[in-house]
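Data first, discussion second: the structure below is written as structure tokens.
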Amino acid sequence: MKIKRNLQFYLLIFLIILLIGNTGCTIKYEPKIISLSENWQLQPSGQWDENGNLISTDGYAENVIIYCNIPNTVLGAMVESGMYKDLFFSDNLERIPDEWFKTHWKYMKRFDLDNRLKGSYSGLCFDGINYSADIFLNGEKIGASDTIFGAFRRFEFNVTGKLKQKGNLLEVMVYPPKPGDFSIGFVDWTPKPPDRNMGLFREVNLRFYGPVSIDQPFVRSIINQENFDNAELTVENTVINHSEKELTTVVHAVIENIKLEQEVTLKPFEKKLIEWNIDDFPELKLTDARLWWPHTMGNPELYSLKMDCTVNGIVTDSLNQEFGIREVSDYINENGSRTYKINGRDIQIRSGGWTDDLLLRESPEKVEAQVLYTRLMNLNCIRLEGIWGESQTLYNLCDKYGILLMVGWSCQWEWDEYLGKECDRFGGIKTEEDMKLVDNYLEDQVLWLRNHPSIFVWVMGSDMLPRPALEKKYLATLGKTDPDRPVLMACSVRKSEITGPTGVKMNGPYDYVSPNYWYIDTQYGGAYGFNTETGPGPQIPPIESLRKMFPEDKLWPVNEIWNFHSGRNQFNTVGNYQNALIKRYGDSDNIEDFVKKAQLANYEAIRPMYEAFAVNKIKAGGIVQWMLNASWPKLYWQLYDYYLMPNGAFFGTQSALKPLNIIYNYDDKNIYVSNDLYQPRKNLIAEIQFLDLNSKEIFNKEVPFEIDAYSSEKIFEMPAFKGITPVYFANLRIKSSEGRELSNSFYWLSAKNDVPDFKNSEWYYTPLKQFADFTGLFSLPQTEIDSDYTIDNQGDQTVVIARLKNSSDKLAFFIELKLKGKESDELILPVFWSDNYVSILPGEEKELTVKINNTDLNGDEPVIELNGFNLK
């Protein structure tokens, strides 16, 4: 019996060896991705003193060892280690020695591996290196800086057989970008980061698989626009044989209850693209599809694709890929504006420009708050000038919450002073070598991001077209990697000899313009066409943020530190904004008064920009506010600041983009309604009420109306007012036939008109030759508001409901509500208000809701603070 058992045992061993020999597959293989994000050391090349002075070029500085996680730029790691504190306060950023970053820095990590992974096929993946690197694994050079370069390249090294179970050492010598390199940049929005964002700014991973792996899954969809339940899917992916033998693999794909498989034979080291279509797999013709929509159009439904491949029944690799079923198209309308359709329906793009943190640091919680802010403001899109993100966090969240993404290259590579070499009318990508590099950038980024339904367009140029040879390369690359998504060749008015007119514009303004500008301008940034970046300039944050930015002695009056936290070039001062504020609202003798007026101006300036485009939605394809967010504490171009504090422009945007909105037109002074819903609205009533400065009613009328689906129209022509007070107010409401309020808009207006001086317009600014006069607001009689609030804990959030009542006979004007900690007296951020900066008529009551995350309370209790122009 013993001999028989031994024979059986040895026979089993023989069969296993035979199986391994025939397949190249180890039974113990586990498909796995291991993040190498933690426990790195960072050292500069050479010897340095503590003040950033280079002593010698020998070796690496033993007195400067920084412990960090990645992704992280060099300066980001220095700040996180405590080497530099309060970097964004005052002008501290300017004090960082540039010498630190003229040499290369060594990132070093030691790691062990699970014994079960030993012997697996393996790849070492770098998602982003800025700018070039020499890479060593266990002493062996596996990548050299003459080939491993380019901020938007992604690299994978075959490290099969090069890893040990214990004591692996990975060393990455990162070299900074040089003038002329196609790197990351912040253009004129901010100061330049002293390290030019050098470092491992995206993830580094180890990937383990068997002799056959699967990669680059992609799901494309065609929608039946007559019946949204019907859709056709096409799935593709690559399979790779990493062995020296011909292998047959079975690839499995599962989408919910759809289960598919395909057998593929691969030659040694062959990489093959396989496709799954409705001709061969009729299961991919859906009759119960759940479509992905932007949040303003419907639900952003998502699916999961699960794939694996087997050799002789043994799984050698697997992956999961989230995707959405949706279709995007574009056309140029009869007014010459590029217009986009989602699932066959027109959508006016309403967006803000995104920028990452100045040091490229990414907090998932902060990114999520900003996506939720975007949704709360009723925006439907974020524009990325630059392919931002240290990971896919932003893209995943936009998929989840239904926010479109406009993704593409920055003007960083189009102007001499930012790129660091001579540019022409096509920018600085000139040589065949340059074009090949940037085309490789595009391919790497598209393959990385193309499954995100939120991305509706790839943008190949910002201010300028790519030169024709490069445009052809881009089109060929996209034809292979993402053939269905629209492509925009530039964000400015241009005509390509290959693809024709862009159908968009970038004519400013970028500095302060008056509210009526957006209605009356027909040459520059006004509400016609698709304006890919524009805005009314500075957006001063509330005082709590200013105190975090400036020393007390630099808080007031406006000074050189304010300039440092402005933009660059023409935008290095808030002078035009401040001049308009003084002329329209009066001068300020303290910071509190200035900030109060600034929030009023922020709200008043941004709201008509979005409203004018809403009124003209059929003619105008889109509007992008420059910008949405802040890469560091700043004064320009932001709907909320670096600390996530909304300013007046946030709530002006929120008001302007209500799905059903009643609007005062600053040009013809008539009343309009905008319906963004895809259903007509009938049996509605517009209540139109005007008050003078003393809260006396001077006009009141109810206007029955109905409005078509996704349209806008004038519903009432206002009579001219005679003998009006210098400042007066419009209170506009939409009510249902049952009397339920559906929408409300409140305006403060001047009897003296703003008059833009178009003859003296510059590319970024149209001055005023006459200013409206709102100084009468400061003679409003004081009034009191009755207020109370309730606090309700709802899971991981706290909800506070504030009730405000004006029992007086006078208007309570522009009331700001702040949510603070009872003990800390600090703002609670992020904060999600249903409305803010509200005005309450005599006898009127308002209810506002605010939500916060419990983790942001830090154990404190929320309290509401009220401030208003004429509150006692």
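Here, A, B, ... name the chains of the structure tokens in the order displayed, residue numbers run from 1 inside each chain, and ligands are numbered from 1 in the same displayed order.
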Margin query: Need to verify the contact set: segment 474-481 of chain A, 7 Å, only C-alpha atoms, exclusion of same-chain residues closer than 3 positions in sequence. Can you return it as a PyMOL selection string?
Written below: chain A and resi 439+443+447+470-471
Next item on the list: Please provide the set of residues having any atom within 7 Å of segment 615-620 of chain A, restricted to only C-alpha atoms, with same-chain residues fewer than 2 positions apart removed, written as JSON, numbers by chain.
Entry: {"A": [335, 337, 348, 527, 528, 529, 530, 611, 612, 613, 622, 674, 712]}
Margin query: For Leu660 of chain A, find every residue with an atom within 9 Å (counting only C-alpha atoms), except residues of its own chain fewer than 6 positions away, and show them as number ranges by chain.
Written below: A: 673-677, 734, 742-743
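Within 9 Å of Asn806 of chain A, once only C-alpha atoms are used and residues closer than 2 positions along the same chain are dropped, the contacting residues are A:Thr783, A:Glu784, A:Ile785, A:Asp786, A:Ser787, A:Leu804, A:Ser808, A:Asp809, A:Lys810, A:Leu811, A:Ala812, A:Ile840, A:Leu841, A:Pro842, A:Gly843, A:Glu844, A:Glu845, A:Lys846.
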Output for the residues just chosen: N, CA, C and O atoms as an mmCIF file, in the first residue's frame:
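Saved file result_22.cif follows:
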data_model
loop_
_atom_site.group_PDB
_atom_site.id
_atom_site.type_symbol
_atom_site.label_atom_id
_atom_site.label_comp_id
_atom_site.auth_asym_id
_atom_site.auth_seq_id
_atom_site.Cartn_x
_atom_site.Cartn_y
_atom_site.Cartn_z
ATOM 1 N N THR A 783 -33.031 97.235 10.232
ATOM 2 C CA THR A 783 -34.165 96.374 10.523
ATOM 3 C C THR A 783 -33.683 95.176 11.333
ATOM 4 O O THR A 783 -32.478 94.974 11.501
ATOM 5 N N GLU A 784 -34.647 94.417 11.832
ATOM 6 C CA GLU A 784 -34.307 93.230 12.626
ATOM 7 C C GLU A 784 -34.907 91.992 11.979
ATOM 8 O O GLU A 784 -35.960 92.058 11.335
ATOM 9 N N ILE A 785 -34.211 90.887 12.171
ATOM 10 C CA ILE A 785 -34.656 89.591 11.655
ATOM 11 C C ILE A 785 -34.869 88.645 12.841
ATOM 12 O O ILE A 785 -34.012 88.540 13.720
ATOM 13 N N ASP A 786 -36.020 87.994 12.849
ATOM 14 C CA ASP A 786 -36.232 86.915 13.817
ATOM 15 C C ASP A 786 -35.642 85.639 13.222
ATOM 16 O O ASP A 786 -35.943 85.296 12.060
ATOM 17 N N SER A 787 -34.818 84.965 13.975
ATOM 18 C CA SER A 787 -34.163 83.772 13.426
ATOM 19 C C SER A 787 -34.119 82.663 14.461
ATOM 20 O O SER A 787 -34.028 82.907 15.671
ATOM 21 N N LEU A 804 -35.726 82.352 8.904
ATOM 22 C CA LEU A 804 -35.569 83.797 9.034
ATOM 23 C C LEU A 804 -36.900 84.472 8.757
ATOM 24 O O LEU A 804 -37.589 84.139 7.786
ATOM 25 N N SER A 808 -40.518 93.412 10.208
ATOM 26 C CA SER A 808 -40.568 94.874 10.081
ATOM 27 C C SER A 808 -41.258 95.266 8.776
ATOM 28 O O SER A 808 -41.667 94.412 7.984
ATOM 29 N N ASP A 809 -41.327 96.545 8.518
ATOM 30 C CA ASP A 809 -41.905 97.041 7.271
ATOM 31 C C ASP A 809 -40.827 97.503 6.304
ATOM 32 O O ASP A 809 -41.105 98.235 5.349
ATOM 33 N N LYS A 810 -39.567 97.088 6.554
ATOM 34 C CA LYS A 810 -38.444 97.472 5.702
ATOM 35 C C LYS A 810 -37.709 96.223 5.210
ATOM 36 O O LYS A 810 -37.668 95.193 5.890
ATOM 37 N N LEU A 811 -37.131 96.350 4.047
ATOM 38 C CA LEU A 811 -36.354 95.262 3.459
ATOM 39 C C LEU A 811 -35.129 94.937 4.317
ATOM 40 O O LEU A 811 -34.424 95.844 4.778
ATOM 41 N N ALA A 812 -34.877 93.659 4.539
ATOM 42 C CA ALA A 812 -33.611 93.204 5.133
ATOM 43 C C ALA A 812 -32.732 92.745 3.980
ATOM 44 O O ALA A 812 -33.021 91.741 3.311
ATOM 45 N N ILE A 840 -34.736 89.705 2.384
ATOM 46 C CA ILE A 840 -36.063 89.295 2.865
ATOM 47 C C ILE A 840 -36.975 90.518 2.909
ATOM 48 O O ILE A 840 -36.671 91.517 3.565
ATOM 49 N N LEU A 841 -38.069 90.417 2.203
ATOM 50 C CA LEU A 841 -39.022 91.521 2.119
ATOM 51 C C LEU A 841 -39.784 91.685 3.441
ATOM 52 O O LEU A 841 -39.819 90.761 4.263
ATOM 53 N N PRO A 842 -40.378 92.838 3.641
ATOM 54 C CA PRO A 842 -41.202 93.032 4.852
ATOM 55 C C PRO A 842 -42.273 91.943 4.971
ATOM 56 O O PRO A 842 -42.982 91.632 4.008
ATOM 57 N N GLY A 843 -42.331 91.327 6.148
ATOM 58 C CA GLY A 843 -43.321 90.289 6.412
ATOM 59 C C GLY A 843 -42.991 88.930 5.830
ATOM 60 O O GLY A 843 -43.755 87.972 6.009
ATOM 61 N N GLU A 844 -41.876 88.812 5.169
ATOM 62 C CA GLU A 844 -41.537 87.558 4.485
ATOM 63 C C GLU A 844 -40.756 86.624 5.406
ATOM 64 O O GLU A 844 -40.013 87.067 6.283
ATOM 65 N N GLU A 845 -40.901 85.336 5.167
ATOM 66 C CA GLU A 845 -40.129 84.305 5.857
ATOM 67 C C GLU A 845 -39.345 83.498 4.838
ATOM 68 O O GLU A 845 -39.823 83.256 3.730
ATOM 69 N N LYS A 846 -38.156 83.089 5.223
ATOM 70 C CA LYS A 846 -37.341 82.210 4.381
ATOM 71 C C LYS A 846 -36.773 81.082 5.233
ATOM 72 O O LYS A 846 -36.442 81.288 6.402
#
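With only C-alpha atoms as the atoms that count, the minimum distance from Ala598 of chain A to the choices A:Pro468, A:Gly648, A:Pro217, A:Pro364 is reached by A:Gly648.
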